[in-house]
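Let me begin by presenting the structure, written as structure tokens, before commenting on it.
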Amino acid sequence: VNTAVTDADKLVIKKSIELFNGTIDKGEAEIKDAVAPVIMRAQLVDHINPKGEDRLTITFSEKVKKITTENSFIFYSEKEKKEYKPKIRLIDHSDETAVFSVVSLSDDIDRIGLSDLININKDGEVIDLVNNKQDNPDNIRREIEVHRILELKEVIYFDNNANGRIDSIFVGIFGEYAFTNNDLAIFKNKVKLPDHRQFTIEKVNGLNSGFSFNVSQDTSVNINTAVTFEDILVFENDINLDNNGTLLKSSESIIDAVAPVIMRAKLVDYMKPGKEDQLTITFSEKIDSITSENPFLFYSVDNDKVYKATLSTLGHSGETAVFAVTSLSDGMNRVSSRDSINIYKDGKVFDLADNQQDNPGNIRRDIEIE
């Protein structure tokens with residue numbers, strides 16, 4: 001399609017034509033241009049990050065000399081089945097091509113859709129070099145070619161079974177995107193996870209708001225629920241996705257959502273009336289001060305009871321806390337050498353990143369008795 005009229009556009013009469021009331025001599029006549037421009041192609045680079053600036057590139061059917069950006073175009077949402085008029089700002093214009101920044105949308109439209117359409121608004125001003133203005137309301141609509149630019153919003157560690165080992169890494173993006181199995185396979189091959197964790201990626205899951213890695217660690221790797229500056233997820237290069245998207249290269253510090261667990265429990269049993277036993281707990285990371293009198297649950301092997309101990313803190317430093325055992329519940333007289341212990345979900349045990357261990361199934365440890 002070419003709506004421009006040039007010197008080559010001529011009407012040629014090769015032989016004189018006799019009419020009833022006269023003669024049309026042979027010759028050539030210039031054809032005047034009364035054809036207004038239409039849109040040939042519309043391309044949108046959509047930065048899903050709210051801080052990103054979306055770019056709309058319009059290619060017309062001929063060179064245009066004037067574009068009034070206020071209401072120059074009408075968009076049509078295939079999803080909502082209605083027209084809308086975004087606010088756009090002209091950035092660049094050269095011959096048949098104009099580039100706009102999409103400042104804001106309108107009419108409850110939150111995103112330009114993959115199958116949305118666009119044409120020239122008859123009430124706007126899109127004018128070619130010989131002052132033809134497109135004022136036909138039915139001028140041709142074109143489907144907008146949308147390319148989504150994805151950026152990472154956050155990366156979070158999780159320990160879903162509360163055994164002290166990270167088993168899931170959530171990677172959140174701005175907005176939403178429909179990832180394909182091919183995309184997920186590429187993420188598995190391209191991602192760089194922290195070396196010191198020695199993760200194995202078992203599976204990649206697609207989510208509307210991002211994706212997640214199911215990971216495992218060899219049992220030879222020490223349990224460590226603390227997250228440090230070394231915990232960084234990296235995509236070294238941009239990744240082209242199915243469904244017209246690109247995930248930008250990134251390096252993102254990983255957020256700690258992993259709560260502490262008990263690594264070791266040692267009880268000094270003085271076996272003397274009036275002398276309180278002493279319980280030393282070593283956690284998987286540094287913890288905040290424990291204020292609860294019942295931060296742990298105890299499990300008796302002998303009578304299959306779950307019981308509590310009323311504790312008072314004697315000392316706390318880093319990963320270690322020492323308690324005096326004031327009393328036991330449920331008629332228990334002594335902690336047995338075969339009993340085990342874990343963190344009580346309501347025991348208010350927090351790490352320094354304010355993660356509380358509230359999973360009732362958090363890992364149990366056998367109690368060492370002295």
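Starting from 1 in every chain, residues are counted up; chains themselves are A, B, ... following the order of the structure tokens, and ligands are numbered from 1 as listed.
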Checklist entry - Leaving out Val215 in chain A and any residue of its chain fewer than 5 positions from it, which residues lie within 10 Å of it when counting only C-alpha atoms, given as a PyMOL selection string? => result chain A and resi 165-169+198-204
For those residues, write C-alpha atoms to a file as an mmCIF file, in the first residue's frame.
data_model
loop_
_atom_site.group_PDB
_atom_site.id
_atom_site.type_symbol
_atom_site.label_atom_id
_atom_site.label_comp_id
_atom_site.auth_asym_id
_atom_site.auth_seq_id
_atom_site.Cartn_x
_atom_site.Cartn_y
_atom_site.Cartn_z
ATOM 1 C CA ARG A 165 17.206 -26.441 53.489
ATOM 2 C CA ILE A 166 16.035 -23.980 50.834
ATOM 3 C CA ASP A 167 13.725 -25.857 48.484
ATOM 4 C CA SER A 168 12.123 -23.093 46.424
ATOM 5 C CA ILE A 169 13.276 -19.851 44.818
ATOM 6 C CA GLN A 198 25.303 -25.995 45.537
ATOM 7 C CA PHE A 199 21.708 -26.034 44.325
ATOM 8 C CA THR A 200 20.335 -28.576 41.875
ATOM 9 C CA ILE A 201 17.311 -27.323 39.949
ATOM 10 C CA GLU A 202 14.679 -30.046 39.980
ATOM 11 C CA LYS A 203 11.861 -28.173 38.229
ATOM 12 C CA VAL A 204 10.866 -24.728 36.957
#
Using only C-alpha atoms, which protein or nucleic acid residues come within 10 Å of range 277-288 of chain A? Drop anything in the same chain fewer than 5 positions from it, and give the result as an mmCIF file with N, CA, C and O atoms, in the first residue's frame.
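Output file part.cif is given in full below:
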data_model
loop_
_atom_site.group_PDB
_atom_site.id
_atom_site.type_symbol
_atom_site.label_atom_id
_atom_site.label_comp_id
_atom_site.auth_asym_id
_atom_site.auth_seq_id
_atom_site.Cartn_x
_atom_site.Cartn_y
_atom_site.Cartn_z
ATOM 1 N N GLY A 164 15.171 -26.730 57.100
ATOM 2 C CA GLY A 164 16.395 -25.932 57.140
ATOM 3 C C GLY A 164 17.080 -25.791 55.801
ATOM 4 O O GLY A 164 18.017 -25.009 55.678
ATOM 5 N N ARG A 165 16.598 -26.518 54.817
ATOM 6 C CA ARG A 165 17.206 -26.441 53.489
ATOM 7 C C ARG A 165 16.267 -25.701 52.528
ATOM 8 O O ARG A 165 15.078 -26.012 52.437
ATOM 9 N N ASN A 222 26.257 -27.885 54.342
ATOM 10 C CA ASN A 222 25.803 -27.494 55.668
ATOM 11 C C ASN A 222 24.498 -26.713 55.590
ATOM 12 O O ASN A 222 24.311 -25.869 54.710
ATOM 13 N N ILE A 223 23.611 -27.011 56.519
ATOM 14 C CA ILE A 223 22.366 -26.245 56.609
ATOM 15 C C ILE A 223 22.684 -24.838 57.083
ATOM 16 O O ILE A 223 23.397 -24.639 58.071
ATOM 17 N N ASN A 224 22.148 -23.854 56.342
ATOM 18 C CA ASN A 224 22.371 -22.451 56.691
ATOM 19 C C ASN A 224 21.173 -21.649 56.192
ATOM 20 O O ASN A 224 21.013 -21.441 54.992
ATOM 21 N N THR A 225 20.341 -21.217 57.113
ATOM 22 C CA THR A 225 19.135 -20.473 56.725
ATOM 23 C C THR A 225 19.377 -18.973 56.692
ATOM 24 O O THR A 225 18.444 -18.210 56.399
ATOM 25 N N ALA A 226 20.591 -18.528 56.966
ATOM 26 C CA ALA A 226 20.911 -17.103 56.877
ATOM 27 C C ALA A 226 21.199 -16.731 55.436
ATOM 28 O O ALA A 226 21.842 -17.487 54.698
ATOM 29 N N VAL A 227 20.735 -15.575 55.010
ATOM 30 C CA VAL A 227 20.960 -15.076 53.651
ATOM 31 C C VAL A 227 21.921 -13.902 53.732
ATOM 32 O O VAL A 227 21.760 -13.002 54.555
ATOM 33 N N ALA A 259 12.969 -19.283 57.705
ATOM 34 C CA ALA A 259 13.003 -19.162 59.162
ATOM 35 C C ALA A 259 14.039 -20.122 59.760
ATOM 36 O O ALA A 259 14.403 -21.133 59.149
ATOM 37 N N PRO A 260 14.509 -19.816 60.960
ATOM 38 C CA PRO A 260 15.499 -20.693 61.603
ATOM 39 C C PRO A 260 14.904 -22.030 62.027
ATOM 40 O O PRO A 260 13.695 -22.157 62.253
ATOM 41 N N VAL A 261 15.763 -23.031 62.099
ATOM 42 C CA VAL A 261 15.410 -24.332 62.669
ATOM 43 C C VAL A 261 16.470 -24.693 63.701
ATOM 44 O O VAL A 261 17.541 -24.086 63.769
ATOM 45 N N ILE A 262 16.155 -25.698 64.494
ATOM 46 C CA ILE A 262 17.112 -26.177 65.488
ATOM 47 C C ILE A 262 18.122 -27.098 64.821
ATOM 48 O O ILE A 262 17.762 -27.997 64.063
ATOM 49 N N MET A 263 19.391 -26.864 65.111
ATOM 50 C CA MET A 263 20.449 -27.737 64.615
ATOM 51 C C MET A 263 20.905 -28.740 65.685
ATOM 52 O O MET A 263 21.250 -29.875 65.390
ATOM 53 N N ARG A 264 20.895 -28.283 66.940
ATOM 54 C CA ARG A 264 21.369 -29.141 68.028
ATOM 55 C C ARG A 264 20.681 -28.726 69.326
ATOM 56 O O ARG A 264 20.464 -27.543 69.567
ATOM 57 N N ALA A 265 20.329 -29.714 70.134
ATOM 58 C CA ALA A 265 19.732 -29.461 71.449
ATOM 59 C C ALA A 265 20.462 -30.304 72.491
ATOM 60 O O ALA A 265 20.548 -31.525 72.357
ATOM 61 N N LYS A 266 20.985 -29.625 73.500
ATOM 62 C CA LYS A 266 21.773 -30.309 74.530
ATOM 63 C C LYS A 266 21.210 -29.948 75.904
ATOM 64 O O LYS A 266 21.056 -28.765 76.228
ATOM 65 N N LEU A 267 20.889 -30.950 76.699
ATOM 66 C CA LEU A 267 20.326 -30.727 78.030
ATOM 67 C C LEU A 267 21.294 -31.231 79.095
ATOM 68 O O LEU A 267 21.744 -32.386 79.057
ATOM 69 N N VAL A 268 21.635 -30.376 80.032
ATOM 70 C CA VAL A 268 22.399 -30.777 81.214
ATOM 71 C C VAL A 268 21.393 -31.061 82.319
ATOM 72 O O VAL A 268 20.717 -30.145 82.815
ATOM 73 N N ASP A 269 21.247 -32.352 82.663
ATOM 74 C CA ASP A 269 20.276 -32.799 83.663
ATOM 75 C C ASP A 269 21.008 -32.987 84.991
ATOM 76 O O ASP A 269 21.766 -33.939 85.169
ATOM 77 N N TYR A 270 20.761 -32.057 85.902
ATOM 78 C CA TYR A 270 21.483 -32.102 87.178
ATOM 79 C C TYR A 270 20.931 -33.157 88.133
ATOM 80 O O TYR A 270 21.582 -33.530 89.097
ATOM 81 N N MET A 271 19.712 -33.631 87.867
ATOM 82 C CA MET A 271 19.117 -34.716 88.661
ATOM 83 C C MET A 271 19.133 -34.403 90.154
ATOM 84 O O MET A 271 19.309 -35.277 90.997
ATOM 85 N N LYS A 272 18.984 -33.121 90.466
ATOM 86 C CA LYS A 272 18.933 -32.708 91.871
ATOM 87 C C LYS A 272 17.681 -31.876 92.092
ATOM 88 O O LYS A 272 17.418 -30.939 91.329
ATOM 89 N N LEU A 311 10.640 -22.109 80.173
ATOM 90 C CA LEU A 311 12.067 -21.793 80.145
ATOM 91 C C LEU A 311 12.300 -20.340 80.521
ATOM 92 O O LEU A 311 11.450 -19.475 80.290
ATOM 93 N N SER A 312 13.465 -20.070 81.056
ATOM 94 C CA SER A 312 13.933 -18.691 81.248
ATOM 95 C C SER A 312 15.304 -18.585 80.593
ATOM 96 O O SER A 312 16.139 -19.491 80.714
ATOM 97 N N THR A 313 15.500 -17.497 79.888
ATOM 98 C CA THR A 313 16.742 -17.340 79.125
ATOM 99 C C THR A 313 17.901 -16.991 80.056
ATOM 100 O O THR A 313 17.827 -16.037 80.830
ATOM 101 N N LEU A 314 18.975 -17.770 79.944
ATOM 102 C CA LEU A 314 20.192 -17.499 80.702
ATOM 103 C C LEU A 314 21.207 -16.724 79.868
ATOM 104 O O LEU A 314 22.009 -15.952 80.408
ATOM 105 N N GLY A 315 21.188 -16.946 78.558
ATOM 106 C CA GLY A 315 22.134 -16.257 77.687
ATOM 107 C C GLY A 315 21.792 -16.484 76.226
ATOM 108 O O GLY A 315 21.105 -17.452 75.876
ATOM 109 N N HIS A 316 22.256 -15.564 75.395
ATOM 110 C CA HIS A 316 21.967 -15.641 73.961
ATOM 111 C C HIS A 316 23.082 -14.944 73.210
ATOM 112 O O HIS A 316 23.392 -13.785 73.459
ATOM 113 N N SER A 317 23.685 -15.672 72.256
ATOM 114 C CA SER A 317 24.749 -15.090 71.442
ATOM 115 C C SER A 317 24.719 -15.738 70.061
ATOM 116 O O SER A 317 24.947 -16.945 69.922
ATOM 117 N N GLY A 318 24.415 -14.912 69.048
ATOM 118 C CA GLY A 318 24.412 -15.413 67.674
ATOM 119 C C GLY A 318 23.416 -16.521 67.475
ATOM 120 O O GLY A 318 22.209 -16.351 67.662
ATOM 121 N N GLU A 319 23.914 -17.715 67.111
ATOM 122 C CA GLU A 319 23.039 -18.859 66.819
ATOM 123 C C GLU A 319 22.673 -19.650 68.063
ATOM 124 O O GLU A 319 21.883 -20.595 67.981
ATOM 125 N N THR A 320 23.229 -19.309 69.219
ATOM 126 C CA THR A 320 23.078 -20.141 70.413
ATOM 127 C C THR A 320 22.308 -19.425 71.508
ATOM 128 O O THR A 320 22.524 -18.241 71.767
ATOM 129 N N ALA A 321 21.403 -20.152 72.145
ATOM 130 C CA ALA A 321 20.663 -19.635 73.297
ATOM 131 C C ALA A 321 20.685 -20.687 74.397
ATOM 132 O O ALA A 321 20.581 -21.894 74.131
ATOM 133 N N VAL A 322 20.817 -20.239 75.643
ATOM 134 C CA VAL A 322 20.876 -21.128 76.803
ATOM 135 C C VAL A 322 19.711 -20.783 77.730
ATOM 136 O O VAL A 322 19.454 -19.606 78.023
ATOM 137 N N PHE A 323 19.014 -21.828 78.177
ATOM 138 C CA PHE A 323 17.816 -21.641 78.992
ATOM 139 C C PHE A 323 17.918 -22.476 80.267
ATOM 140 O O PHE A 323 18.525 -23.555 80.289
ATOM 141 N N ALA A 324 17.267 -21.986 81.297
ATOM 142 C CA ALA A 324 17.014 -22.788 82.493
ATOM 143 C C ALA A 324 15.637 -23.407 82.347
ATOM 144 O O ALA A 324 14.680 -22.737 81.960
ATOM 145 N N VAL A 325 15.549 -24.718 82.618
ATOM 146 C CA VAL A 325 14.275 -25.420 82.525
ATOM 147 C C VAL A 325 13.575 -25.282 83.869
ATOM 148 O O VAL A 325 13.978 -25.895 84.870
ATOM 149 N N THR A 326 12.515 -24.473 83.886
ATOM 150 C CA THR A 326 11.807 -24.185 85.135
ATOM 151 C C THR A 326 10.828 -25.290 85.490
ATOM 152 O O THR A 326 10.756 -25.720 86.646
ATOM 153 N N SER A 327 10.067 -25.754 84.487
ATOM 154 C CA SER A 327 9.099 -26.823 84.742
ATOM 155 C C SER A 327 8.720 -27.485 83.439
ATOM 156 O O SER A 327 8.928 -26.942 82.355
ATOM 157 N N ARG A 334 10.789 -35.582 83.721
ATOM 158 C CA ARG A 334 12.171 -35.509 83.235
ATOM 159 C C ARG A 334 12.174 -35.628 81.712
ATOM 160 O O ARG A 334 11.355 -36.316 81.123
ATOM 161 N N VAL A 335 13.129 -34.929 81.095
ATOM 162 C CA VAL A 335 13.364 -35.072 79.660
ATOM 163 C C VAL A 335 14.200 -36.315 79.451
ATOM 164 O O VAL A 335 15.292 -36.448 80.022
ATOM 165 N N ILE A 341 12.934 -32.509 70.000
ATOM 166 C CA ILE A 341 12.501 -31.129 70.192
ATOM 167 C C ILE A 341 12.428 -30.422 68.843
ATOM 168 O O ILE A 341 13.207 -30.719 67.930
ATOM 169 N N LYS A 348 7.377 -17.781 68.937
ATOM 170 C CA LYS A 348 7.991 -16.477 68.649
ATOM 171 C C LYS A 348 9.518 -16.562 68.542
ATOM 172 O O LYS A 348 10.249 -15.818 69.183
ATOM 173 N N VAL A 349 9.957 -17.492 67.679
ATOM 174 C CA VAL A 349 11.392 -17.608 67.375
ATOM 175 C C VAL A 349 11.626 -16.963 66.019
ATOM 176 O O VAL A 349 11.146 -17.459 64.991
ATOM 177 N N PHE A 350 12.354 -15.838 66.015
ATOM 178 C CA PHE A 350 12.589 -15.046 64.811
ATOM 179 C C PHE A 350 14.082 -14.991 64.503
ATOM 180 O O PHE A 350 14.916 -14.978 65.409
ATOM 181 N N ASP A 351 14.416 -14.910 63.200
ATOM 182 C CA ASP A 351 15.795 -14.613 62.837
ATOM 183 C C ASP A 351 15.972 -13.100 62.759
ATOM 184 O O ASP A 351 15.052 -12.326 63.043
ATOM 185 N N LEU A 352 17.163 -12.661 62.372
ATOM 186 C CA LEU A 352 17.455 -11.231 62.341
ATOM 187 C C LEU A 352 16.745 -10.515 61.197
ATOM 188 O O LEU A 352 16.694 -9.281 61.170
ATOM 189 N N ALA A 353 16.205 -11.289 60.221
ATOM 190 C CA ALA A 353 15.430 -10.700 59.125
ATOM 191 C C ALA A 353 13.935 -10.758 59.413
ATOM 192 O O ALA A 353 13.116 -10.537 58.522
ATOM 193 N N ASP A 354 13.588 -11.068 60.660
ATOM 194 C CA ASP A 354 12.206 -11.081 61.130
ATOM 195 C C ASP A 354 11.390 -12.231 60.555
ATOM 196 O O ASP A 354 10.164 -12.142 60.445
ATOM 197 N N ASN A 355 12.042 -13.318 60.198
ATOM 198 C CA ASN A 355 11.336 -14.520 59.758
ATOM 199 C C ASN A 355 11.037 -15.383 60.976
ATOM 200 O O ASN A 355 11.954 -15.799 61.691
ATOM 201 N N GLN A 356 9.759 -15.650 61.205
ATOM 202 C CA GLN A 356 9.349 -16.481 62.332
ATOM 203 C C GLN A 356 9.170 -17.919 61.875
ATOM 204 O O GLN A 356 8.570 -18.185 60.824
ATOM 205 N N ILE A 367 17.383 -34.845 71.509
ATOM 206 C CA ILE A 367 17.997 -34.102 72.602
ATOM 207 C C ILE A 367 19.167 -34.891 73.168
ATOM 208 O O ILE A 367 19.019 -36.076 73.540
ATOM 209 N N GLU A 368 20.319 -34.273 73.230
ATOM 210 C CA GLU A 368 21.506 -34.885 73.847
ATOM 211 C C GLU A 368 21.459 -34.601 75.351
ATOM 212 O O GLU A 368 21.334 -33.465 75.782
ATOM 213 N N ILE A 369 21.530 -35.638 76.140
ATOM 214 C CA ILE A 369 21.432 -35.505 77.590
ATOM 215 C C ILE A 369 22.807 -35.713 78.222
ATOM 216 O O ILE A 369 23.522 -36.676 77.899
ATOM 217 N N GLU A 370 23.168 -34.796 79.092
ATOM 218 C CA GLU A 370 24.389 -34.975 79.895
ATOM 219 C C GLU A 370 24.011 -35.228 81.343
ATOM 220 O O GLU A 370 23.124 -34.561 81.876
#
Next on the checklist: I'd like the contact shell of Ser300 in chain A - 7 Å cut-off, only C-alpha atoms, skipping same-chain residues fewer than 5 positions apart - returned as an MDAnalysis selection string.
Outcome noted: chainID A and resid 305:306 339:340
Write out the residues from the selection above, keeping C-alpha atoms, as a tab-separated table (two decimals), in the first residue's frame.
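Result went into again_23.tsv, see below:
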chain	number	residue	atom	x	y	z
A	305	LYS	CA	3.32	-37.30	74.53
A	306	VAL	CA	3.90	-33.81	73.20
A	339	ASP	CA	13.06	-37.32	73.44
A	340	SER	CA	13.17	-34.84	70.59
Next on the checklist: List as a list in words the protein and nucleic acid residues near Asp346 in chain A, meaning an atom at most 9 Å away when only C-alpha atoms are counted, but skip any in the same chain fewer than 5 places from it.
Outcome noted: Ser292, Asn294, Pro295, Phe296, Gln357, Asp358 and Pro360 of chain A
Checklist entry - Which residue gives the smallest distance to Val35 in chain A among A:Ile127, A:Asn132, A:Val99, A:Val64, with only C-alpha atoms counted? => result A:Asn132
Next on the checklist: At a cut-off of 12 Å, using only C-alpha atoms, what residues contact Asn131 in chain A? Leave out same-chain residues fewer than 4 positions from it and give the result as a PyMOL selection string.
Outcome noted: chain A and resi 4+32-37+63-67+125-127+135
